[in-house]
$ cat model-v5.tsv   # TSV, C-alpha atoms and all ligand atoms
chain	number	residue	atom	x	y	z
A	1	MET	CA	11.09	-13.03	-29.42
A	2	SER	CA	12.82	-12.94	-26.02
A	3	GLN	CA	16.43	-13.47	-25.00
A	4	TYR	CA	15.19	-15.03	-21.77
A	5	ASN	CA	14.48	-18.66	-21.15
A	6	ILE	CA	10.86	-18.46	-20.05
A	7	PRO	CA	9.43	-21.57	-18.39
A	8	LYS	CA	5.96	-22.90	-19.22
A	9	THR	CA	4.97	-23.21	-15.55
A	10	GLN	CA	5.67	-21.37	-12.32
A	11	SER	CA	4.83	-21.25	-8.61
A	12	VAL	CA	2.01	-18.91	-7.57
A	13	ALA	CA	0.09	-18.35	-4.33
A	14	ILE	CA	-3.57	-18.76	-5.24
A	15	VAL	CA	-7.00	-18.60	-3.57
A	16	ASP	CA	-9.66	-20.80	-5.22
A	17	LYS	CA	-12.67	-19.49	-3.38
A	18	ILE	CA	-13.26	-16.35	-1.34
A	19	GLY	CA	-12.78	-17.08	2.34
A	20	GLY	CA	-10.87	-20.23	1.37
A	21	THR	CA	-7.23	-20.64	2.19
A	22	VAL	CA	-4.32	-19.52	0.07
A	23	HIS	CA	-2.04	-22.27	-1.24
A	24	VAL	CA	0.96	-22.54	-3.54
A	25	ASN	CA	0.46	-24.09	-6.98
A	26	PRO	CA	3.89	-24.98	-8.42
A	27	GLN	CA	2.45	-25.81	-11.88
A	28	HIS	CA	0.59	-22.62	-12.84
A	29	PRO	CA	0.98	-21.69	-16.52
A	30	VAL	CA	3.21	-18.76	-17.55
A	31	ARG	CA	1.84	-16.54	-20.35
A	32	GLN	CA	4.39	-16.78	-23.14
A	33	PRO	CA	5.85	-13.71	-24.94
A	34	GLU	CA	4.04	-14.51	-28.21
A	35	ASP	CA	0.72	-14.44	-26.34
A	36	LEU	CA	1.17	-10.93	-24.92
A	37	ALA	CA	-1.26	-8.30	-26.26
A	38	LEU	CA	-0.25	-4.83	-27.45
A	39	GLY	CA	0.95	-2.76	-24.48
A	40	GLU	CA	1.42	-5.75	-22.20
A	41	CYS	CA	4.74	-6.85	-20.71
A	42	LEU	CA	5.89	-10.00	-18.96
A	43	VAL	CA	7.77	-9.34	-15.71
A	44	LYS	CA	10.00	-11.90	-14.04
A	45	MET	CA	9.45	-11.14	-10.37
A	46	HIS	CA	12.20	-10.61	-7.81
A	47	CYS	CA	9.96	-10.02	-4.80
A	48	THR	CA	6.61	-8.70	-3.60
A	49	GLY	CA	5.31	-7.05	-0.47
A	50	VAL	CA	2.23	-8.42	1.30
A	51	CYS	CA	-0.40	-5.77	2.04
A	52	HIS	CA	-3.38	-6.02	4.39
A	53	THR	CA	-5.46	-5.48	1.22
A	54	ASP	CA	-4.34	-8.92	0.01
A	55	PHE	CA	-5.82	-10.38	3.17
A	56	HIS	CA	-9.10	-8.40	2.69
A	57	ALA	CA	-9.30	-9.67	-0.93
A	58	ALA	CA	-8.71	-13.30	0.00
A	59	SER	CA	-11.11	-13.28	2.93
A	60	GLY	CA	-13.86	-11.41	1.06
A	61	ASP	CA	-14.56	-8.83	3.78
A	62	TRP	CA	-14.95	-5.93	1.31
A	63	PRO	CA	-18.11	-4.86	-0.55
A	64	LEU	CA	-16.24	-5.60	-3.83
A	65	THR	CA	-15.49	-9.06	-5.13
A	66	ALA	CA	-12.16	-10.24	-6.44
A	67	ASN	CA	-11.78	-12.35	-9.58
A	68	LEU	CA	-11.38	-16.06	-8.95
A	69	PRO	CA	-9.16	-17.98	-8.80
A	70	LEU	CA	-7.23	-15.13	-7.20
A	71	ILE	CA	-3.49	-14.59	-7.38
A	72	GLY	CA	-3.01	-11.71	-4.93
A	73	GLY	CA	-0.18	-9.20	-4.61
A	74	HIS	CA	0.35	-5.61	-5.76
A	75	GLU	CA	3.76	-4.54	-4.45
A	76	GLY	CA	5.95	-6.43	-6.90
A	77	VAL	CA	9.38	-5.69	-8.33
A	78	GLY	CA	10.95	-7.60	-11.21
A	79	GLU	CA	12.59	-7.40	-14.61
A	80	ILE	CA	10.78	-7.04	-17.92
A	81	VAL	CA	11.50	-10.15	-20.00
A	82	ALA	CA	9.13	-9.51	-22.93
A	83	ILE	CA	6.88	-6.80	-24.38
A	84	GLY	CA	3.80	-7.49	-26.53
A	85	LYS	CA	4.62	-7.57	-30.25
A	86	GLY	CA	3.86	-4.32	-32.08
A	87	THR	CA	3.92	-2.15	-28.92
A	88	VAL	CA	5.21	1.30	-29.85
A	89	ASP	CA	6.42	4.18	-27.66
A	90	SER	CA	6.86	1.97	-24.61
A	91	PRO	CA	8.29	4.05	-21.73
A	92	VAL	CA	10.11	0.92	-20.47
A	93	LYS	CA	12.20	-1.71	-22.22
A	94	VAL	CA	13.12	-5.38	-21.94
A	95	GLY	CA	15.74	-5.86	-19.20
A	96	GLU	CA	14.51	-2.88	-17.17
A	97	ARG	CA	13.57	-3.29	-13.50
A	98	VAL	CA	10.01	-2.16	-12.81
A	99	GLY	CA	7.36	-2.21	-10.12
A	100	ILE	CA	3.77	-3.42	-10.31
A	101	LYS	CA	1.33	-1.51	-8.12
A	102	TRP	CA	-2.38	-1.96	-7.26
A	103	LEU	CA	-3.43	0.05	-10.31
A	104	ALA	CA	-2.10	-2.24	-13.03
A	105	TYR	CA	-3.91	-0.51	-15.91
A	106	SER	CA	-6.09	2.50	-16.64
A	107	CYS	CA	-7.18	3.83	-20.05
A	108	LEU	CA	-5.33	7.17	-19.61
A	109	ASP	CA	-7.93	8.88	-21.78
A	110	CYS	CA	-11.15	9.18	-19.74
A	111	GLU	CA	-12.11	12.13	-17.58
A	112	MET	CA	-10.84	10.47	-14.37
A	113	CYS	CA	-7.47	9.57	-15.91
A	114	LEU	CA	-7.03	13.01	-17.40
A	115	LYS	CA	-7.82	14.62	-14.02
A	116	GLY	CA	-5.05	12.54	-12.44
A	117	LEU	CA	-7.50	10.13	-10.79
A	118	GLU	CA	-6.22	7.14	-12.77
A	119	GLN	CA	-7.18	4.89	-9.87
A	120	ASN	CA	-10.84	5.78	-10.50
A	121	CYS	CA	-10.81	4.96	-14.24
A	122	VAL	CA	-13.85	2.82	-15.10
A	123	LYS	CA	-11.56	0.52	-17.06
A	124	ALA	CA	-9.07	0.18	-14.19
A	125	LYS	CA	-7.47	-3.23	-13.73
A	126	LEU	CA	-6.32	-3.97	-10.19
A	127	SER	CA	-3.30	-6.15	-9.58
A	128	GLY	CA	-4.11	-9.05	-7.28
A	129	PHE	CA	-7.82	-8.29	-7.39
A	130	THR	CA	-9.26	-8.10	-10.91
A	131	VAL	CA	-6.11	-9.34	-12.69
A	132	ASP	CA	-3.47	-11.84	-11.55
A	133	GLY	CA	-1.14	-10.21	-9.03
A	134	THR	CA	2.45	-10.43	-7.93
A	135	PHE	CA	2.39	-13.59	-5.76
A	136	ALA	CA	3.87	-15.31	-8.82
A	137	GLU	CA	7.21	-15.80	-10.52
A	138	TYR	CA	5.98	-14.22	-13.77
A	139	VAL	CA	3.35	-11.49	-14.04
A	140	VAL	CA	1.70	-9.88	-17.07
A	141	SER	CA	1.42	-6.11	-16.68
A	142	TRP	CA	1.15	-2.94	-18.80
A	143	VAL	CA	4.10	-0.91	-20.08
A	144	GLN	CA	2.34	2.43	-19.51
A	145	HIS	CA	1.65	1.68	-15.85
A	146	VAL	CA	4.66	-0.16	-14.45
A	147	THR	CA	6.89	2.03	-12.28
A	148	PRO	CA	10.62	2.29	-13.13
A	149	ILE	CA	12.79	1.35	-10.13
A	150	PRO	CA	15.76	3.67	-9.44
A	151	ASP	CA	19.11	1.85	-9.85
A	152	ASN	CA	20.25	2.57	-6.31
A	153	LEU	CA	17.19	0.92	-4.74
A	154	ASP	CA	17.32	-2.75	-3.89
A	155	SER	CA	14.23	-4.67	-5.16
A	156	LEU	CA	13.34	-5.81	-1.62
A	157	GLU	CA	13.44	-2.22	-0.39
A	158	ALA	CA	11.52	-0.84	-3.36
A	159	ALA	CA	8.65	-3.36	-3.24
A	160	SER	CA	6.49	-1.79	-0.54
A	161	ILE	CA	6.89	1.71	-1.93
A	162	LEU	CA	4.51	0.51	-4.68
A	163	CYS	CA	1.47	0.36	-2.40
A	164	ALA	CA	2.26	1.27	1.21
A	165	GLY	CA	4.62	4.05	0.12
A	166	VAL	CA	2.63	5.60	-2.69
A	167	THR	CA	-0.63	5.44	-0.72
A	168	VAL	CA	0.62	7.25	2.37
A	169	TYR	CA	2.75	9.63	0.32
A	170	ARG	CA	-0.34	10.74	-1.61
A	171	ALA	CA	-2.46	10.95	1.55
A	172	LEU	CA	0.15	13.21	3.16
A	173	LYS	CA	0.48	15.25	-0.04
A	174	TYR	CA	-3.24	16.09	0.03
A	175	SER	CA	-3.53	16.41	3.83
A	176	GLN	CA	-3.29	20.21	3.76
A	177	THR	CA	-0.65	20.08	6.52
A	178	ASN	CA	2.45	22.23	6.42
A	179	ALA	CA	5.98	21.53	7.66
A	180	SER	CA	6.17	21.69	11.50
A	181	GLU	CA	2.44	20.94	11.83
A	182	TRP	CA	1.05	17.87	13.62
A	183	VAL	CA	0.04	14.65	11.87
A	184	VAL	CA	-1.58	11.79	13.82
A	185	LEU	CA	-1.01	8.31	12.41
A	186	PRO	CA	-3.33	5.59	13.76
A	187	GLY	CA	-1.92	2.31	12.41
A	188	ALA	CA	1.63	3.71	12.57
A	189	GLY	CA	3.34	0.39	13.32
A	190	GLY	CA	1.88	-1.44	10.31
A	191	GLY	CA	2.90	-1.60	6.65
A	192	LEU	CA	1.38	1.71	5.54
A	193	GLY	CA	1.80	3.47	8.86
A	194	HIS	CA	5.52	2.88	9.28
A	195	MET	CA	6.10	4.37	5.82
A	196	ALA	CA	3.79	7.29	6.70
A	197	ILE	CA	5.98	8.21	9.70
A	198	GLN	CA	8.99	8.50	7.40
A	199	TYR	CA	7.27	10.40	4.57
A	200	ALA	CA	5.77	12.79	7.14
A	201	LYS	CA	9.17	13.43	8.73
A	202	PHE	CA	10.73	13.86	5.26
A	203	MET	CA	8.12	16.57	4.64
A	204	GLY	CA	9.06	18.25	7.92
A	205	LYS	CA	5.89	17.45	9.85
A	206	ARG	CA	5.60	16.45	13.50
A	207	VAL	CA	4.25	12.97	14.11
A	208	ILE	CA	2.09	11.37	16.78
A	209	ALA	CA	2.14	7.61	16.14
A	210	ILE	CA	-0.73	5.44	17.42
A	211	ASP	CA	-0.59	1.66	17.49
A	212	THR	CA	-0.01	-1.01	20.11
A	213	GLY	CA	2.76	-3.14	21.65
A	214	LYS	CA	6.45	-2.79	22.46
A	215	GLU	CA	7.79	-3.84	19.06
A	216	LYS	CA	5.70	-1.29	17.15
A	217	LYS	CA	6.47	1.40	19.71
A	218	GLU	CA	10.20	0.86	19.24
A	219	LEU	CA	9.84	0.82	15.45
A	220	CYS	CA	7.81	4.06	15.39
A	221	LYS	CA	10.28	5.83	17.66
A	222	LYS	CA	13.23	4.58	15.62
A	223	LEU	CA	11.63	5.88	12.42
A	224	GLY	CA	11.29	9.36	13.90
A	225	ALA	CA	7.84	9.58	15.50
A	226	ASP	CA	7.85	12.53	17.93
A	227	HIS	CA	5.31	10.88	20.24
A	228	TRP	CA	3.75	7.46	20.74
A	229	ILE	CA	0.29	6.52	22.01
A	230	ASP	CA	-0.68	2.88	22.64
A	231	PHE	CA	-4.37	2.66	21.68
A	232	LYS	CA	-4.89	-0.34	23.96
A	233	GLU	CA	-3.38	1.38	26.99
A	234	SER	CA	-4.45	5.00	26.59
A	235	LYS	CA	-7.40	6.04	28.76
A	236	ASP	CA	-8.13	9.13	26.67
A	237	ILE	CA	-6.53	9.43	23.21
A	238	VAL	CA	-8.19	12.81	22.51
A	239	LYS	CA	-6.82	14.36	25.71
A	240	GLU	CA	-3.33	12.93	25.12
A	241	ILE	CA	-3.23	14.43	21.61
A	242	LYS	CA	-4.52	17.80	22.80
A	243	ASP	CA	-1.93	17.86	25.59
A	244	LEU	CA	0.83	17.16	23.08
A	245	THR	CA	-0.35	19.91	20.73
A	246	ASP	CA	-0.67	22.90	23.10
A	247	GLY	CA	-4.35	22.20	23.66
A	248	LEU	CA	-5.22	22.86	20.03
A	249	GLY	CA	-5.32	19.36	18.52
A	250	ALA	CA	-3.55	17.98	15.47
A	251	ASN	CA	-3.62	19.42	11.94
A	252	SER	CA	-4.32	16.12	10.20
A	253	ALA	CA	-4.87	12.42	10.78
A	254	ILE	CA	-3.82	9.84	8.20
A	255	ILE	CA	-5.76	6.77	9.31
A	256	THR	CA	-4.22	3.55	8.03
A	257	ALA	CA	-5.63	1.12	10.61
A	258	ALA	CA	-7.95	-1.46	9.03
A	259	THR	CA	-10.68	-0.84	11.60
A	260	GLY	CA	-13.50	1.67	12.10
A	261	ALA	CA	-12.45	2.16	15.74
A	262	ALA	CA	-9.36	4.09	14.63
A	263	TYR	CA	-11.57	6.67	12.87
A	264	SER	CA	-13.98	7.33	15.69
A	265	GLN	CA	-12.15	10.05	17.64
A	266	ALA	CA	-10.36	11.80	14.81
A	267	VAL	CA	-12.74	14.75	14.48
A	268	ASP	CA	-12.41	15.30	18.25
A	269	TYR	CA	-8.60	15.41	18.28
A	270	LEU	CA	-8.19	17.49	15.10
A	271	GLN	CA	-7.82	21.23	15.50
A	272	CYS	CA	-10.04	23.70	13.63
A	273	GLY	CA	-9.34	23.53	9.91
A	274	GLY	CA	-7.90	20.01	10.32
A	275	THR	CA	-8.04	17.20	7.76
A	276	LEU	CA	-8.98	13.56	8.21
A	277	MET	CA	-7.45	11.40	5.48
A	278	ALA	CA	-9.34	8.08	5.26
A	279	VAL	CA	-6.94	5.37	4.06
A	280	GLY	CA	-7.51	2.14	6.03
A	281	LEU	CA	-10.29	0.07	4.50
A	282	PRO	CA	-12.51	-1.84	6.91
A	283	GLY	CA	-15.24	-3.36	4.69
A	284	GLU	CA	-18.34	-2.36	6.63
A	285	ALA	CA	-17.55	0.38	9.14
A	286	THR	CA	-18.78	3.96	8.80
A	287	ILE	CA	-17.05	7.13	10.00
A	288	ASP	CA	-18.73	8.08	13.24
A	289	ALA	CA	-18.09	11.82	13.20
A	290	SER	CA	-20.14	14.58	14.80
A	291	ILE	CA	-21.71	16.58	11.97
A	292	PHE	CA	-21.98	19.57	14.28
A	293	PHE	CA	-18.28	19.65	15.12
A	294	THR	CA	-17.19	18.73	11.59
A	295	VAL	CA	-18.95	21.91	10.42
A	296	TYR	CA	-18.18	24.09	13.43
A	297	LYS	CA	-14.46	23.18	13.38
A	298	SER	CA	-14.19	23.47	9.55
A	299	ILE	CA	-12.94	19.88	9.31
A	300	THR	CA	-12.20	18.30	5.92
A	301	ILE	CA	-12.71	14.55	5.43
A	302	ILE	CA	-10.97	13.10	2.35
A	303	GLY	CA	-10.93	9.53	1.02
A	304	SER	CA	-7.46	8.77	-0.35
A	305	TYR	CA	-7.13	5.79	-2.69
A	306	VAL	CA	-3.61	4.58	-3.64
A	307	GLY	CA	-1.99	6.97	-6.16
A	308	ASN	CA	-1.45	7.64	-9.84
A	309	ARG	CA	1.74	7.08	-11.86
A	310	GLN	CA	3.18	10.44	-10.87
A	311	ASP	CA	2.53	9.82	-7.16
A	312	ALA	CA	4.33	6.47	-7.55
A	313	LYS	CA	7.34	8.15	-9.18
A	314	GLU	CA	7.51	10.82	-6.46
A	315	ALA	CA	7.17	8.24	-3.66
A	316	MET	CA	9.93	6.15	-5.29
A	317	ARG	CA	12.19	9.18	-5.71
A	318	ILE	CA	11.96	9.98	-2.00
A	319	ALA	CA	13.02	6.38	-1.26
A	320	SER	CA	15.89	6.65	-3.74
A	321	VAL	CA	17.29	9.76	-2.01
A	322	GLY	CA	17.15	7.94	1.32
A	323	GLY	CA	14.08	9.71	2.73
A	324	VAL	CA	12.25	6.48	3.55
A	325	LYS	CA	13.27	2.87	4.01
A	326	CYS	CA	10.89	-0.03	4.30
A	327	HIS	CA	11.30	-2.09	7.49
A	328	TYR	CA	10.58	-5.63	6.33
A	329	ALA	CA	10.98	-9.30	7.14
A	330	LYS	CA	11.80	-11.57	4.18
A	331	HIS	CA	9.73	-14.73	3.68
A	332	PRO	CA	9.34	-17.43	1.01
A	333	LEU	CA	6.07	-17.66	-0.99
A	334	SER	CA	5.10	-20.79	0.94
A	335	ASP	CA	4.65	-18.67	4.11
A	336	ILE	CA	1.76	-16.57	2.71
A	337	LYS	CA	-0.94	-18.35	4.70
A	338	GLU	CA	0.85	-17.65	8.00
A	339	VAL	CA	1.54	-14.05	6.92
A	340	TYR	CA	-2.23	-13.52	6.34
A	341	GLU	CA	-2.92	-14.85	9.85
A	342	GLU	CA	-0.37	-12.46	11.33
A	343	LEU	CA	-1.85	-9.51	9.40
A	344	LYS	CA	-5.31	-10.42	10.70
A	345	GLU	CA	-4.01	-10.44	14.27
A	346	GLY	CA	-2.02	-7.20	13.84
A	347	LYS	CA	1.24	-8.98	14.63
A	348	ILE	CA	3.46	-7.59	11.84
A	349	ALA	CA	5.58	-4.54	12.64
A	350	GLY	CA	6.35	-2.92	9.27
A	351	ARG	CA	5.99	-5.22	6.24
A	352	VAL	CA	6.57	-8.77	5.03
A	353	VAL	CA	8.28	-9.01	1.64
A	354	VAL	CA	8.21	-12.34	-0.22
A	355	GLU	CA	11.29	-13.25	-2.24
A	356	LEU	CA	10.45	-14.82	-5.61
A	357	LYS	CA	13.69	-14.71	-7.56
A	358	LYS	CA	14.40	-18.19	-8.84
A	359	LYS	CA	17.89	-19.41	-9.61
A	360	ASP	CA	18.31	-19.45	-13.43
B	401	LIG	P1	-1.24	-3.56	8.70
B	401	LIG	O1	-2.03	-4.69	9.28
B	401	LIG	O2	0.19	-3.76	8.36
B	401	LIG	O3	-1.33	-2.28	9.66
B	401	LIG	C1	-2.49	-1.87	10.32
B	401	LIG	C2	-2.05	-1.39	11.72
B	401	LIG	O4	-3.18	-0.80	12.39
B	401	LIG	C3	-1.56	-2.51	12.63
B	401	LIG	O5	-0.24	-2.22	13.07
B	401	LIG	C4	-2.56	-2.50	13.80
B	401	LIG	O6	-1.96	-2.84	15.04
B	401	LIG	C5	-3.04	-1.06	13.77
B	401	LIG	N1	-4.33	-0.81	14.44
B	401	LIG	C6	-5.41	-1.64	14.55
B	401	LIG	N2	-6.38	-1.02	15.22
B	401	LIG	C7	-5.93	0.22	15.56
B	401	LIG	C8	-6.48	1.30	16.28
B	401	LIG	N3	-7.72	1.27	16.80
B	401	LIG	N4	-5.74	2.43	16.42
B	401	LIG	C9	-4.49	2.50	15.90
B	401	LIG	N5	-3.90	1.47	15.23
B	401	LIG	C10	-4.62	0.36	15.05
B	401	LIG	O7	-2.06	-3.12	7.42
B	401	LIG	P2	-1.58	-2.25	6.13
B	401	LIG	O8	-1.05	-3.15	5.10
B	401	LIG	O9	-0.81	-1.10	6.62
B	401	LIG	O10	-3.02	-1.75	5.57
B	401	LIG	C11	-3.86	-0.98	6.40
B	401	LIG	C12	-5.21	-0.72	5.77
B	401	LIG	O11	-5.02	0.16	4.65
B	401	LIG	C13	-5.92	-1.96	5.20
B	401	LIG	O12	-7.31	-1.83	5.44
B	401	LIG	C14	-5.63	-1.88	3.72
B	401	LIG	O13	-6.59	-2.56	2.93
B	401	LIG	C15	-5.72	-0.38	3.54
B	401	LIG	N6	-5.08	0.14	2.32
B	401	LIG	C16	-5.67	1.21	1.76
B	401	LIG	C17	-5.13	1.77	0.62
B	401	LIG	C18	-5.78	2.95	-0.01
B	401	LIG	O14	-5.55	3.17	-1.20
B	401	LIG	N7	-6.55	3.74	0.72
B	401	LIG	C19	-3.96	1.22	0.06
B	401	LIG	C20	-3.37	0.14	0.70
B	401	LIG	C21	-3.93	-0.40	1.84
B	402	ZN	ZN	-1.72	-2.53	-0.74

$ encode --input "model-v5.tsv" --output "structure tokens"
Amino acid sequence: MSQYNIPKTQSVAIVDKIGGTVHVNPQHPVRQPEDLALGECLVKMHCTGVCHTDFHAASGDWPLTANLPLIGGHEGVGEIVAIGKGTVDSPVKVGERVGIKWLAYSCLDCEMCLKGLEQNCVKAKLSGFTVDGTFAEYVVSWVQHVTPIPDNLDSLEAASILCAGVTVYRALKYSQTNASEWVVLPGAGGGLGHMAIQYAKFMGKRVIAIDTGKEKKELCKKLGADHWIDFKESKDIVKEIKDLTDGLGANSAIITAATGAAYSQAVDYLQCGGTLMAVGLPGEATIDASIFFTVYKSITIIGSYVGNRQDAKEAMRIASVGGVKCHYAKHPLSDIKEVYEELKEGKIAGRVVVELKKKD
């Protein structure tokens, strides 16, 4: 059935109850090749990024509930070691390196899927939320939805393209901002934000990065941000942005901070015809925007939720031609609890990628 020697048990990082702590279980069962359903594949993981979403899911601060017990993770790269018996027309094969993103499965046949909004399919399965995610040595996924990884991309570098990369790439793609126009990035020093700087520069836009602290400032500048604003030090973010943009304001804001505060001034610092892309996902906050000025300034507000398979391929292709490079620190699976704490406190510049590859 499979040329690989697949163990019966594996290490996973698991949360037993929402708000409880994440711990490593070294004896979690591995689904065996003969138990895979049609269209499913078993992926032996190399590594996985850790997204702020994983922390939201584990702490239960969203108005959606995750399946329990929860194995988080949705930025995983690994090798296909088995495909469900009887699967025909699989776009990927055993031995191929693939990525597992947040959207693990969609039906591909409903109105949402056919419109390209696969992420809004009513049958969507979400990796690390409604199905077991990538904080595991072996993960069951779906052949139609895994993302092929270009040969020239290292697994550790490819991992965070699968959520951080694809999400900000899509948000920029729909931000109605042309080359040479201004994009403001609140959250720029974090996982999504630091990728957004690079995708925006690759698309020829000018970038104003907003975040806090010396380490994130240096990272944002190194990645090509044209200007930096420290949200904890600035006395007037709106004025600073207007001054940097000839008094007009920015053309778009891609907000990846996980807090409502980062949304509050966007309508004020956008220029007429500007676009606010809502990406960061605080569970309870609302967008506090003036209705009057949203109308009067012809502002567009768009919610941007991950991306479909094509967005993932495009985001990956830009990484493979050297347009973006994830800035990450490598950790073992046993560090996940500390990584969640650091995400909560906003201490991580760029991403943390967990290495899972086990010696054979
Ligand atoms: P992260 O913690 O790595 O980065 C968030 C950054 O925001 C941090 O650097 C923090 O210092 C900064 N920040 C906090 N308050 C700020 C403020 N007022 N102004 C400017 N910056 C501020 O998190 P991440 O992994 O990049 O995820 C960010 C958010 O995006 C999370 O809520 C996550 O759930 C969400 N997300 C959304 C999608 C989507 O499809 N829309 C996909 C993935 C993640
Ligand atoms: Zn994510």

$ residues_around --input "model-v5.tsv" --residues "Thr87 (chain A)" --least-positions-apart "3" --cutoff "10 Å" --atoms "all atoms listed in the file" --output "ChimeraX atom specification"
/A:37-41,83-84,90,143

$ closest_residue --input "model-v5.tsv" --among "A:Ser160, A:Thr300, A:Ser252, A:Asn178" --to "Gly350 (chain A)" --atoms "all atoms listed in the file"
A:Ser160

$ closest_residue --input "model-v5.tsv" --among "A:Ala82, A:Ile210, A:Ala285, A:Val12" --to "Asp335 (chain A)" --atoms "all atoms listed in the file"
A:Val12

$ residues_near_ligand --input "model-v5.tsv" --ligand "ligand LIG 401 (chain B)" --cutoff "8 Å" --atoms "only C-alpha atoms and all ligand atoms" --output "compact mmCIF listing (two decimals) with C-alpha atoms, in the frame of the given file"
# COMPACT_ATOMS: atom_id res chain seq x y z
CA VAL A 50 2.23 -8.42 1.30
CA CYS A 51 -0.40 -5.77 2.04
CA HIS A 52 -3.38 -6.02 4.39
CA THR A 53 -5.46 -5.48 1.22
CA ASP A 54 -4.34 -8.92 0.01
CA PHE A 55 -5.82 -10.38 3.17
CA HIS A 56 -9.10 -8.40 2.69
CA CYS A 163 1.47 0.36 -2.40
CA ALA A 164 2.26 1.27 1.21
CA THR A 167 -0.63 5.44 -0.72
CA VAL A 168 0.62 7.25 2.37
CA LEU A 185 -1.01 8.31 12.41
CA PRO A 186 -3.33 5.59 13.76
CA GLY A 187 -1.92 2.31 12.41
CA ALA A 188 1.63 3.71 12.57
CA GLY A 189 3.34 0.39 13.32
CA GLY A 190 1.88 -1.44 10.31
CA GLY A 191 2.90 -1.60 6.65
CA LEU A 192 1.38 1.71 5.54
CA GLY A 193 1.80 3.47 8.86
CA HIS A 194 5.52 2.88 9.28
CA ILE A 210 -0.73 5.44 17.42
CA ASP A 211 -0.59 1.66 17.49
CA THR A 212 -0.01 -1.01 20.11
CA LYS A 216 5.70 -1.29 17.15
CA ASP A 230 -0.68 2.88 22.64
CA PHE A 231 -4.37 2.66 21.68
CA LYS A 232 -4.89 -0.34 23.96
CA ILE A 255 -5.76 6.77 9.31
CA THR A 256 -4.22 3.55 8.03
CA ALA A 257 -5.63 1.12 10.61
CA ALA A 258 -7.95 -1.46 9.03
CA THR A 259 -10.68 -0.84 11.60
CA GLY A 260 -13.50 1.67 12.10
CA ALA A 261 -12.45 2.16 15.74
CA ALA A 262 -9.36 4.09 14.63
CA TYR A 263 -11.57 6.67 12.87
CA ALA A 278 -9.34 8.08 5.26
CA VAL A 279 -6.94 5.37 4.06
CA GLY A 280 -7.51 2.14 6.03
CA LEU A 281 -10.29 0.07 4.50
CA PRO A 282 -12.51 -1.84 6.91
CA GLY A 303 -10.93 9.53 1.02
CA SER A 304 -7.46 8.77 -0.35
CA TYR A 305 -7.13 5.79 -2.69
CA VAL A 306 -3.61 4.58 -3.64
CA GLY A 307 -1.99 6.97 -6.16
CA LEU A 343 -1.85 -9.51 9.40
CA LYS A 344 -5.31 -10.42 10.70
CA GLU A 345 -4.01 -10.44 14.27
CA GLY A 346 -2.02 -7.20 13.84
CA LYS A 347 1.24 -8.98 14.63
CA ILE A 348 3.46 -7.59 11.84
CA ALA A 349 5.58 -4.54 12.64
CA GLY A 350 6.35 -2.92 9.27
CA ARG A 351 5.99 -5.22 6.24

$ closest_residue --input "model-v5.tsv" --among "A:Ala66, A:Ile197, A:Met45, A:Leu244" --to "Ile18 (chain A)" --atoms "all atoms listed in the file"
A:Ala66

$ residues_around --input "model-v5.tsv" --residues "region 152-158 of chain A" --least-positions-apart "4" --cutoff "10 Å" --atoms "all atoms listed in the file" --output "mmCIF file with C-alpha atoms, in the coordinates of the input"
data_model
loop_
_atom_site.group_PDB
_atom_site.id
_atom_site.type_symbol
_atom_site.label_atom_id
_atom_site.label_comp_id
_atom_site.auth_asym_id
_atom_site.auth_seq_id
_atom_site.Cartn_x
_atom_site.Cartn_y
_atom_site.Cartn_z
ATOM 1 C CA MET A 45 9.450 -11.140 -10.370
ATOM 2 C CA HIS A 46 12.200 -10.610 -7.810
ATOM 3 C CA CYS A 47 9.960 -10.020 -4.800
ATOM 4 C CA THR A 48 6.610 -8.700 -3.600
ATOM 5 C CA GLY A 49 5.310 -7.050 -0.470
ATOM 6 C CA GLU A 75 3.760 -4.540 -4.450
ATOM 7 C CA GLY A 76 5.950 -6.430 -6.900
ATOM 8 C CA VAL A 77 9.380 -5.690 -8.330
ATOM 9 C CA GLY A 78 10.950 -7.600 -11.210
ATOM 10 C CA GLU A 79 12.590 -7.400 -14.610
ATOM 11 C CA ARG A 97 13.570 -3.290 -13.500
ATOM 12 C CA VAL A 98 10.010 -2.160 -12.810
ATOM 13 C CA GLY A 99 7.360 -2.210 -10.120
ATOM 14 C CA LEU A 162 4.510 0.510 -4.680
ATOM 15 C CA GLY A 165 4.620 4.050 0.120
ATOM 16 C CA MET A 316 9.930 6.150 -5.290
ATOM 17 C CA ARG A 317 12.190 9.180 -5.710
ATOM 18 C CA ALA A 319 13.020 6.380 -1.260
ATOM 19 C CA SER A 320 15.890 6.650 -3.740
ATOM 20 C CA VAL A 321 17.290 9.760 -2.010
ATOM 21 C CA GLY A 322 17.150 7.940 1.320
ATOM 22 C CA VAL A 324 12.250 6.480 3.550
ATOM 23 C CA LYS A 325 13.270 2.870 4.010
ATOM 24 C CA CYS A 326 10.890 -0.030 4.300
ATOM 25 C CA HIS A 327 11.300 -2.090 7.490
ATOM 26 C CA TYR A 328 10.580 -5.630 6.330
ATOM 27 C CA ALA A 329 10.980 -9.300 7.140
ATOM 28 C CA LYS A 330 11.800 -11.570 4.180
ATOM 29 C CA VAL A 352 6.570 -8.770 5.030
ATOM 30 C CA VAL A 353 8.280 -9.010 1.640
ATOM 31 C CA VAL A 354 8.210 -12.340 -0.220
ATOM 32 C CA GLU A 355 11.290 -13.250 -2.240
#

$ atom_distance --input "model-v5.tsv" --atom1 "CA of His331 (chain A)" --atom2 "CA of Glu96 (chain A)"
24.5 Å

$ residues_around --input "model-v5.tsv" --residues "Ala58 (chain A)" --least-positions-apart "3" --cutoff "10 Å" --atoms "only C-alpha atoms" --output "ChimeraX atom specification"
/A:14-22,53-55,61-62,65-66,68-72,128-129,340
